Amino acid sequence: MSDTSTPVVIHRADYAPPAFLIDSVALEFDLVPTRTIVRNTMRMRRNPGAVRAPRLELLGEQLELVSVAVNGAPHAAARAHEHGLTLDDVPDAFELTIESACAPAENTTLSGLYVSSGNFFTQCEAEGFRRITYFLDRPDVMTTYTVTLRADKTAYPVLLSNGNLIEEGDLPDGRHFAKWEDPFKKPSYLFALVAGQLVALEERIKSASGKEKLLQVWVEPHDLGKTRHAMESLIHSIRWDEERFGLELDLDRFMIVAVSDFNMGAMENKGLNVFNTKYVLANPETATDTDFANIEAVVGHEYFHNWTGNRVTCRDWFQLSLKEGLTVFRDQEFSADMAGGASNEAARAVKRIEDVRVLRQMQFAEDSGPMAHPVRPESYVEINNFYTMTVYEKGAEVVRMYQTLFGRDGFRRGMDLYFKRHDGQAVTCDDFRVALADANGRDLAQFEGWYSQAGTPRVSVWTNYDATALRYTVTLKQGYGDVAPAARETQTGPLLIPFAIGLIGRDGADMPLRLDGESAAAGTTRVLEFTGTEQTFTFVDVREEPLPSLLRNFSAPVVVEYDYTAGELAFLLAHDSDPFNRWEAGQRLATRELLALAARAAQDAPLSLDDSVVAAFARVLNDETLSPAFRELALMLPSEAYLAEQMAESNPAAVHRARQFVRKRLAAALRDDWLAIHERHQTPGAYAPTPEAAGHRGLKNLALAYLAELDDPAEAVKLASAQYAEANNMTDRAAALSALLAASTAQETPAAESALADFYRRFEKEPLVIDKWFALQATQRGTAARPVIEVVRNLMTHPAFNLKNPNRARSLIFSFCSANPAQFHAEDGSGYAFWAEQVIALDALNPQVAARLARALELWRRYTPVLREKMRAALEQVAAQAKSRDVREIVEKALV
Ligand code: 0A1
Ligand code: ZN
């Protein structure tokens, strides 16, 4: 993150083992906000497995060196510099003691040791530990830590670090100390400390083998009442990992701490997970159903890292997906099991659809632009820029494919072997793949392509039915669409694609499937192993021409190209036994219509929508055999960003007009249905964030959102006002406010203004809710008379706005730049000018957050010429002024 004009590119191929190893480390902290002293004592020795280095190079950033001693004696041959500390003349094995100072109160980067709301926190992944002390700050150097924290007792009554508390007590001058010992070896990125005025919700449970465990959720005192859901999520996570993977909690105590200034979602530090408050705090009044679900998922994610990431970690940062792809897959499966259990396919499908939506909207876009990279990247300038959708979400899809190929049992066998071989080690993606292959007696060499190739594979499908021979052939062809030249280079040969397929008869039922050469039919969904560039699969005994259901449950992260007619898609939407593909048929149908309309809108041609499309959606909406959650997803149109992405030339204004046209058509044509649904799916009684109740609320609030699109929104305003006033939970209240804002686009309504004002007053003391207040305004539709950029600029001066707090910056700036495409991409370039200003302002405070915002323009080349030129100018402006490695890497890659 340091300032540098010549970017240093780090290559995976240059990996070399560390020259020295650390057998143990003892850290002593004298915690003072303006100047914290860290005393670091390491037992070091040369690594017998590495070439002999002439000197010891320790990494360090933004540190003030105080003293260096080798085996207790001051060491003169030590030189501190911008990137660390160089020591000459060191013995082969020795004790090294380094004292240094840092300034947590001035640390706005939120990496290393920093202060938030007066309390101390650390964030060390990926390379933050070097901002705390000089160290071999790389994940393949694992050691055991003893940590002593000393601080003023009144200001910092709670002192936490990894592992077990072994000693605590008072010191002179009103100070006190706590000593922690982590029995497990870990890399430095998993170190953490927390100190301050915090309180905890506690539970004691027994793990599978009967050992007592202390669980704590630490928060600021006024938030204690919002911790129950996080605690329950933690207990569910512990049980789930025991049952599904036979993995037990290995420490006597496990702590979660919430912090309001945090760059990401949460962090899996050993035994001391640190969380963004957004993923801990919840009660019915302040958190939505989505918030509750996200908390469960993130608590699960961080807990599951205890094995996948901590016990077995990454050899180097190119292997990041080893822990992240695997852990995202685990949290997805956890959430699916929590929602529906192992066998409730409909409930699991809802989770699957949500995950695939994110993948397609965000990861596919990433994979088509200048930041495209393989799941295991080949190079980077700033590792923090590689905590990406590709590493996380596509990585999770890659892990899911093993399970699709080998089944749950086969996947479990692979995981067991992985832990048996690699517990306590820092390993690679190859080690994981080989463990899965060996446990299942398979050669998975070809599967390596999923780790090394960038870009989204496309599978084109042709089918042919021979009515006399009763044979049905399915021909698959794989390749890639257009990508950047750097990504193209990685595309070296066909992938092993597990392609799940079903065949549907005229009656809408699945046909039994028998492949040519098999003795009998077996099952109605088959996973074809597609390994060639082009391959034909032949089904026999096919009594009539079927309709193919392709890539069931989204069995691989690819784009499927097949020429369905609109009628066939409507049929699949009504009949496919695979719930994912039922939803998918609706999305294909909608996408096709919307893209045709967007093309017309771009020409200012009149728009119209066929009644049969409306009818197809009406059938789903009123199909009571389908769960409300599923119906909500099916009736949700593809996002504007996704649609713009699909156009030859992205035109956000045309997409917006087309999508609004369809929304209004669906609103008007189904008005009575929406009204009935809004009434029928009320959830009276006490609020519960169960998937079932959330499904009812989701469908009800979708109905309200559609009603708000009517040209005469009076009815929607009445319903929304009542819902706003009477809501006993945030889901309903926020949805009502959002509907009021939408309705006021058609017709100024005082109800929207007064609800906004009420919302602010009511939740003034709840930062996470005020974030929603900012976000709702930043993502609103706007009018010609009042474009949203004006609202946003005005809100930037609001006393509650604070650029230093990432959640707040995201709620206003990111919401506008990334979640309101029609307004952000205004033709006058006003959005881009705002973006450039904010990237530069953030760059000076927090380069990681600035770099995330910088990515909002990375697909600039794909837009219409007018927008493209204005985006280029904004990017050039940022390239000329940005200081951090983080932002420079993004804008320079975008401009190449
Ligand atoms: N390992 C965390 C993600 C994370 C990465 C970097 C951070 O700070 C810069 C913080 C968190 C996870 O996957 O949850
Ligand atoms: Zn993770």
# chains A, B, ... in the order shown; residues from 1 in each chain; ligands from 1

$ closest_atom_pairs --of "region 658-731 of chain A" --to "region 330-343 of chain A" --cutoff "10 Å" --atoms "only C-alpha atoms" --output "JSON lines"
{"residue": "A:Thr690", "atom": "CA", "partner": "A:Ala339", "partner_atom": "CA", "distance": 7.9}
{"residue": "A:Pro691", "atom": "CA", "partner": "A:Ala339", "partner_atom": "CA", "distance": 6.0}
{"residue": "A:Glu692", "atom": "CA", "partner": "A:Ala339", "partner_atom": "CA", "distance": 8.4}

$ residues_around --residues "region 294-308 of chain A" --least-positions-apart "3" --cutoff "8 Å" --atoms "only C-alpha atoms" --output "PDB file with N, CA and C atoms, in the first residue's frame"
ATOM      1  N   HIS A 229     -28.627 -13.222  17.714  1.00  0.00           N
ATOM      2  CA  HIS A 229     -28.645 -13.932  16.430  1.00  0.00           C
ATOM      3  C   HIS A 229     -27.240 -14.376  16.019  1.00  0.00           C
ATOM      4  N   ALA A 230     -26.254 -13.536  16.260  1.00  0.00           N
ATOM      5  CA  ALA A 230     -24.874 -13.925  15.928  1.00  0.00           C
ATOM      6  C   ALA A 230     -24.455 -15.127  16.774  1.00  0.00           C
ATOM      7  N   SER A 233     -26.117 -18.167  15.471  1.00  0.00           N
ATOM      8  CA  SER A 233     -25.482 -18.545  14.198  1.00  0.00           C
ATOM      9  C   SER A 233     -24.160 -19.270  14.469  1.00  0.00           C
ATOM     10  N   LEU A 234     -23.430 -18.790  15.485  1.00  0.00           N
ATOM     11  CA  LEU A 234     -22.151 -19.434  15.822  1.00  0.00           C
ATOM     12  C   LEU A 234     -22.380 -20.861  16.312  1.00  0.00           C
ATOM     13  N   SER A 237     -23.218 -23.015  13.476  1.00  0.00           N
ATOM     14  CA  SER A 237     -22.036 -23.269  12.640  1.00  0.00           C
ATOM     15  C   SER A 237     -21.182 -24.385  13.231  1.00  0.00           C
ATOM     16  N   ILE A 238     -21.006 -24.313  14.550  1.00  0.00           N
ATOM     17  CA  ILE A 238     -20.174 -25.325  15.223  1.00  0.00           C
ATOM     18  C   ILE A 238     -20.803 -26.712  15.038  1.00  0.00           C
ATOM     19  N   ASP A 241     -20.497 -27.976  11.308  1.00  0.00           N
ATOM     20  CA  ASP A 241     -19.178 -28.465  10.880  1.00  0.00           C
ATOM     21  C   ASP A 241     -18.866 -29.815  11.525  1.00  0.00           C
ATOM     22  N   LEU A 247     -15.670 -31.946  11.777  1.00  0.00           N
ATOM     23  CA  LEU A 247     -14.647 -31.002  12.238  1.00  0.00           C
ATOM     24  C   LEU A 247     -15.109 -30.323  13.519  1.00  0.00           C
ATOM     25  N   LEU A 249     -14.457 -27.789  17.006  1.00  0.00           N
ATOM     26  CA  LEU A 249     -13.753 -26.588  17.483  1.00  0.00           C
ATOM     27  C   LEU A 249     -12.551 -27.033  18.306  1.00  0.00           C
ATOM     28  N   GLY A 265     -15.944  -7.633   5.317  1.00  0.00           N
ATOM     29  CA  GLY A 265     -17.060  -8.178   6.075  1.00  0.00           C
ATOM     30  C   GLY A 265     -16.646  -8.641   7.456  1.00  0.00           C
ATOM     31  N   ALA A 266     -15.612  -9.466   7.499  1.00  0.00           N
ATOM     32  CA  ALA A 266     -15.163 -10.025   8.777  1.00  0.00           C
ATOM     33  C   ALA A 266     -13.833 -10.729   8.556  1.00  0.00           C
ATOM     34  N   MET A 267     -13.205 -11.134   9.671  1.00  0.00           N
ATOM     35  CA  MET A 267     -11.871 -11.725   9.571  1.00  0.00           C
ATOM     36  C   MET A 267     -11.716 -12.886  10.543  1.00  0.00           C
ATOM     37  N   GLU A 268     -11.155 -13.972  10.033  1.00  0.00           N
ATOM     38  CA  GLU A 268     -11.130 -15.255  10.739  1.00  0.00           C
ATOM     39  C   GLU A 268      -9.949 -15.456  11.685  1.00  0.00           C
ATOM     40  N   LYS A 270      -7.440 -16.472  14.422  1.00  0.00           N
ATOM     41  CA  LYS A 270      -7.603 -17.703  15.208  1.00  0.00           C
ATOM     42  C   LYS A 270      -8.244 -17.435  16.581  1.00  0.00           C
ATOM     43  N   GLY A 271      -9.414 -17.991  16.781  1.00  0.00           N
ATOM     44  CA  GLY A 271     -10.105 -17.883  18.067  1.00  0.00           C
ATOM     45  C   GLY A 271     -10.631 -16.499  18.386  1.00  0.00           C
ATOM     46  N   ASN A 273     -12.334 -13.903  16.023  1.00  0.00           N
ATOM     47  CA  ASN A 273     -12.843 -13.347  14.772  1.00  0.00           C
ATOM     48  C   ASN A 273     -13.254 -11.893  14.972  1.00  0.00           C
ATOM     49  N   LYS A 278     -21.900  -4.706  10.837  1.00  0.00           N
ATOM     50  CA  LYS A 278     -22.982  -5.060   9.900  1.00  0.00           C
ATOM     51  C   LYS A 278     -23.276  -6.561   9.898  1.00  0.00           C
ATOM     52  N   TYR A 279     -22.249  -7.366  10.207  1.00  0.00           N
ATOM     53  CA  TYR A 279     -22.447  -8.819  10.175  1.00  0.00           C
ATOM     54  C   TYR A 279     -22.518  -9.446  11.565  1.00  0.00           C
ATOM     55  N   VAL A 280     -22.811  -8.602  12.577  1.00  0.00           N
ATOM     56  CA  VAL A 280     -23.025  -9.131  13.930  1.00  0.00           C
ATOM     57  C   VAL A 280     -24.357  -8.646  14.501  1.00  0.00           C
ATOM     58  N   THR A 290     -32.589  -9.892   5.099  1.00  0.00           N
ATOM     59  CA  THR A 290     -31.311 -10.087   4.402  1.00  0.00           C
ATOM     60  C   THR A 290     -30.153  -9.949   5.386  1.00  0.00           C
ATOM     61  N   ASP A 291     -30.237  -8.947   6.271  1.00  0.00           N
ATOM     62  CA  ASP A 291     -29.180  -8.781   7.279  1.00  0.00           C
ATOM     63  C   ASP A 291     -29.072 -10.042   8.156  1.00  0.00           C
ATOM     64  N   ARG A 311      -6.268 -24.080  10.224  1.00  0.00           N
ATOM     65  CA  ARG A 311      -5.534 -25.339  10.448  1.00  0.00           C
ATOM     66  C   ARG A 311      -4.742 -25.712   9.194  1.00  0.00           C
ATOM     67  N   VAL A 312      -5.370 -25.587   8.033  1.00  0.00           N
ATOM     68  CA  VAL A 312      -4.635 -25.733   6.769  1.00  0.00           C
ATOM     69  C   VAL A 312      -4.686 -24.377   6.088  1.00  0.00           C
ATOM     70  N   THR A 313      -3.523 -23.763   5.884  1.00  0.00           N
ATOM     71  CA  THR A 313      -3.525 -22.405   5.331  1.00  0.00           C
ATOM     72  C   THR A 313      -2.876 -22.364   3.946  1.00  0.00           C
ATOM     73  N   LYS A 323      -8.393 -21.261   0.490  1.00  0.00           N
ATOM     74  CA  LYS A 323      -9.215 -21.094   1.692  1.00  0.00           C
ATOM     75  C   LYS A 323     -10.521 -20.381   1.394  1.00  0.00           C
ATOM     76  N   LEU A 326     -13.126 -22.492  -0.969  1.00  0.00           N
ATOM     77  CA  LEU A 326     -13.611 -23.628  -0.177  1.00  0.00           C
ATOM     78  C   LEU A 326     -14.517 -23.155   0.949  1.00  0.00           C
ATOM     79  N   THR A 327     -14.150 -22.052   1.597  1.00  0.00           N
ATOM     80  CA  THR A 327     -14.948 -21.602   2.735  1.00  0.00           C
ATOM     81  C   THR A 327     -16.260 -20.959   2.276  1.00  0.00           C
ATOM     82  N   VAL A 328     -16.257 -20.296   1.139  1.00  0.00           N
ATOM     83  CA  VAL A 328     -17.532 -19.785   0.609  1.00  0.00           C
ATOM     84  C   VAL A 328     -18.451 -20.964   0.264  1.00  0.00           C
ATOM     85  N   ARG A 330     -18.472 -23.798   1.663  1.00  0.00           N
ATOM     86  CA  ARG A 330     -18.964 -24.344   2.935  1.00  0.00           C
ATOM     87  C   ARG A 330     -20.055 -23.449   3.518  1.00  0.00           C
ATOM     88  N   ASP A 331     -19.870 -22.125   3.444  1.00  0.00           N
ATOM     89  CA  ASP A 331     -20.933 -21.281   4.027  1.00  0.00           C
ATOM     90  C   ASP A 331     -22.210 -21.343   3.183  1.00  0.00           C
ATOM     91  N   GLN A 332     -22.067 -21.508   1.877  1.00  0.00           N
ATOM     92  CA  GLN A 332     -23.270 -21.651   1.038  1.00  0.00           C
ATOM     93  C   GLN A 332     -24.042 -22.929   1.414  1.00  0.00           C
ATOM     94  N   PHE A 334     -23.900 -24.500   4.249  1.00  0.00           N
ATOM     95  CA  PHE A 334     -24.429 -24.292   5.606  1.00  0.00           C
ATOM     96  C   PHE A 334     -25.759 -23.542   5.539  1.00  0.00           C
ATOM     97  N   SER A 335     -25.770 -22.428   4.810  1.00  0.00           N
ATOM     98  CA  SER A 335     -27.010 -21.650   4.714  1.00  0.00           C
ATOM     99  C   SER A 335     -28.125 -22.463   4.067  1.00  0.00           C
TER     100      SER A 335
END

$ closest_residue --among "A:Gln363, A:Thr533, A:Ser815, A:Thr86" --to "Tyr387 (chain A)" --atoms "only C-alpha atoms"
A:Gln363

$ select_by_dssp --residues "region 31-260 of chain A" --states "alpha helix (DSSP H)" --output "NGL selection string"
:A and (228-245)

$ write_last_selection --atoms "C-alpha atoms" --output "short mmCIF file (atom, residue, chain, number, x, y, z; two decimals), in the first residue's frame"
data_model
loop_
_atom_site.label_atom_id
_atom_site.label_comp_id
_atom_site.auth_asym_id
_atom_site.auth_seq_id
_atom_site.Cartn_x
_atom_site.Cartn_y
_atom_site.Cartn_z
CA ARG A 228 -28.35 -13.10 20.12
CA HIS A 229 -28.65 -13.93 16.43
CA ALA A 230 -24.87 -13.92 15.93
CA MET A 231 -24.45 -16.23 18.93
CA GLU A 232 -27.08 -18.62 17.62
CA SER A 233 -25.48 -18.54 14.20
CA LEU A 234 -22.15 -19.43 15.82
CA ILE A 235 -23.62 -22.37 17.69
CA HIS A 236 -25.33 -23.60 14.50
CA SER A 237 -22.04 -23.27 12.64
CA ILE A 238 -20.17 -25.33 15.22
CA ARG A 239 -22.80 -28.08 15.09
CA TRP A 240 -22.94 -28.06 11.30
CA ASP A 241 -19.18 -28.47 10.88
CA GLU A 242 -19.22 -31.36 13.33
CA GLU A 243 -22.04 -33.11 11.51
CA ARG A 244 -21.29 -32.42 7.89
CA PHE A 245 -17.49 -32.57 7.96
#

$ closest_atom_pairs --of "region 474-503 of chain A" --to "region 400-406 of chain A" --cutoff "10 Å" --atoms "only C-alpha atoms" --output "JSON lines"
{"residue": "A:Leu496", "atom": "CA", "partner": "A:Met401", "partner_atom": "CA", "distance": 9.6}
{"residue": "A:Ile497", "atom": "CA", "partner": "A:Met401", "partner_atom": "CA", "distance": 8.2}
{"residue": "A:Pro498", "atom": "CA", "partner": "A:Leu405", "partner_atom": "CA", "distance": 6.6}
{"residue": "A:Phe499", "atom": "CA", "partner": "A:Thr404", "partner_atom": "CA", "distance": 9.3}
{"residue": "A:Ala500", "atom": "CA", "partner": "A:Thr404", "partner_atom": "CA", "distance": 8.8}

$ residues_around --residues "Val791 (chain A)" --least-positions-apart "6" --cutoff "9 Å" --atoms "only C-alpha atoms" --output "list in words"
Gln777, Ala778 and Gly782 of chain A

$ write_last_selection --atoms "N, CA and C atoms" --output "PDB file, in the first residue's frame"
ATOM      1  N   GLN A 777     -31.466   6.534  -0.409  1.00  0.00           N
ATOM      2  CA  GLN A 777     -31.523   7.785  -1.172  1.00  0.00           C
ATOM      3  C   GLN A 777     -30.560   7.767  -2.360  1.00  0.00           C
ATOM      4  N   ALA A 778     -29.407   7.120  -2.157  1.00  0.00           N
ATOM      5  CA  ALA A 778     -28.414   7.076  -3.244  1.00  0.00           C
ATOM      6  C   ALA A 778     -28.870   6.186  -4.393  1.00  0.00           C
ATOM      7  N   GLY A 782     -34.728   9.101  -8.973  1.00  0.00           N
ATOM      8  CA  GLY A 782     -34.468  10.471  -9.388  1.00  0.00           C
ATOM      9  C   GLY A 782     -35.419  10.930 -10.474  1.00  0.00           C
TER      10      GLY A 782
END

$ atom_distance --atom1 "CA of Glu632 (chain A)" --atom2 "CA of Phe617 (chain A)"
10.9 Å

$ closest_residue --among "A:Asn820, A:Gly72, A:Asp316, A:Ile98" --to "Ser379 (chain A)" --atoms "only C-alpha atoms"
A:Asp316

$ select_by_dssp --residues "region 528-566 of chain A" --states "strand (DSSP E)" --output "MDAnalysis selection string"
chainID A and resid 528:530 534:539 547:550 559:561

$ atom_distance --atom1 "CA of Ala616 (chain A)" --atom2 "CA of Arg526 (chain A)"
27.7 Å

$ residues_around --residues "Val655 (chain A)" --least-positions-apart "2" --cutoff "7 Å" --atoms "only C-alpha atoms" --output "PDB file with C-alpha atoms, in the first residue's frame"
ATOM      1  CA  ALA A 598     -33.323  -1.855 -24.659  1.00  0.00           C
ATOM      2  CA  GLU A 640     -29.880  -3.171 -14.917  1.00  0.00           C
ATOM      3  CA  LEU A 643     -28.596  -6.332 -18.722  1.00  0.00           C
ATOM      4  CA  ALA A 644     -26.248  -3.513 -19.706  1.00  0.00           C
ATOM      5  CA  ASN A 651     -26.384   1.759 -22.617  1.00  0.00           C
ATOM      6  CA  PRO A 652     -27.590   2.237 -19.028  1.00  0.00           C
ATOM      7  CA  ALA A 653     -30.248   4.795 -19.953  1.00  0.00           C
ATOM      8  CA  ARG A 657     -36.130   2.695 -19.811  1.00  0.00           C
ATOM      9  CA  ALA A 658     -36.686  -0.863 -21.026  1.00  0.00           C
ATOM     10  CA  ARG A 659     -36.693  -2.363 -17.560  1.00  0.00           C
TER      11      ARG A 659
END

$ residues_around --residues "Phe630 (chain A)" --least-positions-apart "5" --cutoff "12 Å" --atoms "only C-alpha atoms" --output "VMD selection string"
chain A and resid 345 to 354 573 579 to 584 586 620 to 625 635 to 636 691 to 692 694 to 696 698 to 699 702

$ residues_around --residues "region 748-765 of chain A" --least-positions-apart "6" --cutoff "12 Å" --atoms "only C-alpha atoms" --output "number ranges by chain"
A: 222-223, 285-287, 708, 712-714, 716-725, 730, 733-742, 771-777, 780, 782-783, 785-786, 798-800

$ atom_distance --atom1 "CA of Ala856 (chain A)" --atom2 "CA of Tyr189 (chain A)"
28.1 Å

$ residues_around --residues "Thr41 (chain A)" --least-positions-apart "6" --cutoff "12 Å" --atoms "only C-alpha atoms" --output "PyMOL selection string"
chain A and resi 22-29+67-72+94-100+133-135+144-148

$ write_last_selection --atoms "C-alpha atoms" --output "PDB file, in the first residue's frame"
ATOM      1  CA  ILE A  22      10.349 -18.690  13.360  1.00  0.00           C
ATOM      2  CA  ASP A  23       9.905 -21.331  16.070  1.00  0.00           C
ATOM      3  CA  SER A  24       8.019 -19.086  18.465  1.00  0.00           C
ATOM      4  CA  VAL A  25       7.168 -15.445  18.972  1.00  0.00           C
ATOM      5  CA  ALA A  26       6.386 -13.453  22.092  1.00  0.00           C
ATOM      6  CA  LEU A  27       4.757 -10.057  21.588  1.00  0.00           C
ATOM      7  CA  GLU A  28       4.377  -7.397  24.267  1.00  0.00           C
ATOM      8  CA  PHE A  29       2.192  -4.376  23.600  1.00  0.00           C
ATOM      9  CA  SER A  67      16.028  -1.241  19.231  1.00  0.00           C
ATOM     10  CA  VAL A  68      17.294  -4.593  17.915  1.00  0.00           C
ATOM     11  CA  ALA A  69      19.006  -7.317  19.933  1.00  0.00           C
ATOM     12  CA  VAL A  70      20.358 -10.704  18.891  1.00  0.00           C
ATOM     13  CA  ASN A  71      20.627 -13.232  21.717  1.00  0.00           C
ATOM     14  CA  GLY A  72      20.145 -10.397  24.184  1.00  0.00           C
ATOM     15  CA  PHE A  94      19.158 -17.134  17.556  1.00  0.00           C
ATOM     16  CA  GLU A  95      16.770 -15.094  19.610  1.00  0.00           C
ATOM     17  CA  LEU A  96      15.858 -11.789  18.003  1.00  0.00           C
ATOM     18  CA  THR A  97      14.246  -8.987  20.018  1.00  0.00           C
ATOM     19  CA  ILE A  98      12.918  -5.918  18.242  1.00  0.00           C
ATOM     20  CA  GLU A  99      11.249  -2.907  19.763  1.00  0.00           C
ATOM     21  CA  SER A 100       9.275  -0.608  17.539  1.00  0.00           C
ATOM     22  CA  THR A 133       6.058  -5.290  13.961  1.00  0.00           C
ATOM     23  CA  TYR A 134       8.972  -6.352  11.761  1.00  0.00           C
ATOM     24  CA  PHE A 135       8.316  -9.915  10.718  1.00  0.00           C
ATOM     25  CA  THR A 144       3.178 -20.146  17.991  1.00  0.00           C
ATOM     26  CA  TYR A 145       2.329 -16.805  19.616  1.00  0.00           C
ATOM     27  CA  THR A 146       2.389 -15.603  23.211  1.00  0.00           C
ATOM     28  CA  VAL A 147       0.918 -12.129  23.518  1.00  0.00           C
ATOM     29  CA  THR A 148       1.038  -9.754  26.492  1.00  0.00           C
TER      30      THR A 148
END

$ closest_residue --among "A:Leu251, A:Val259, A:Ile504, A:Leu31" --to "ligand 1" --atoms "only C-alpha atoms and all ligand atoms"
A:Val259

$ closest_residue --among "A:Ala727, A:Ile37, A:Leu595, A:Ala851" --to "ligand 1" --atoms "only C-alpha atoms and all ligand atoms"
A:Ala851

$ closest_residue --among "A:Asn263, A:Gln425, A:Gln877, A:Gln216" --to "ligand 1" --atoms "only C-alpha atoms and all ligand atoms"
A:Asn263

$ closest_residue --among "A:Leu633, A:Phe275, A:Ser209, A:Ala50" --to "ligand 2" --atoms "only C-alpha atoms and all ligand atoms"
A:Phe275
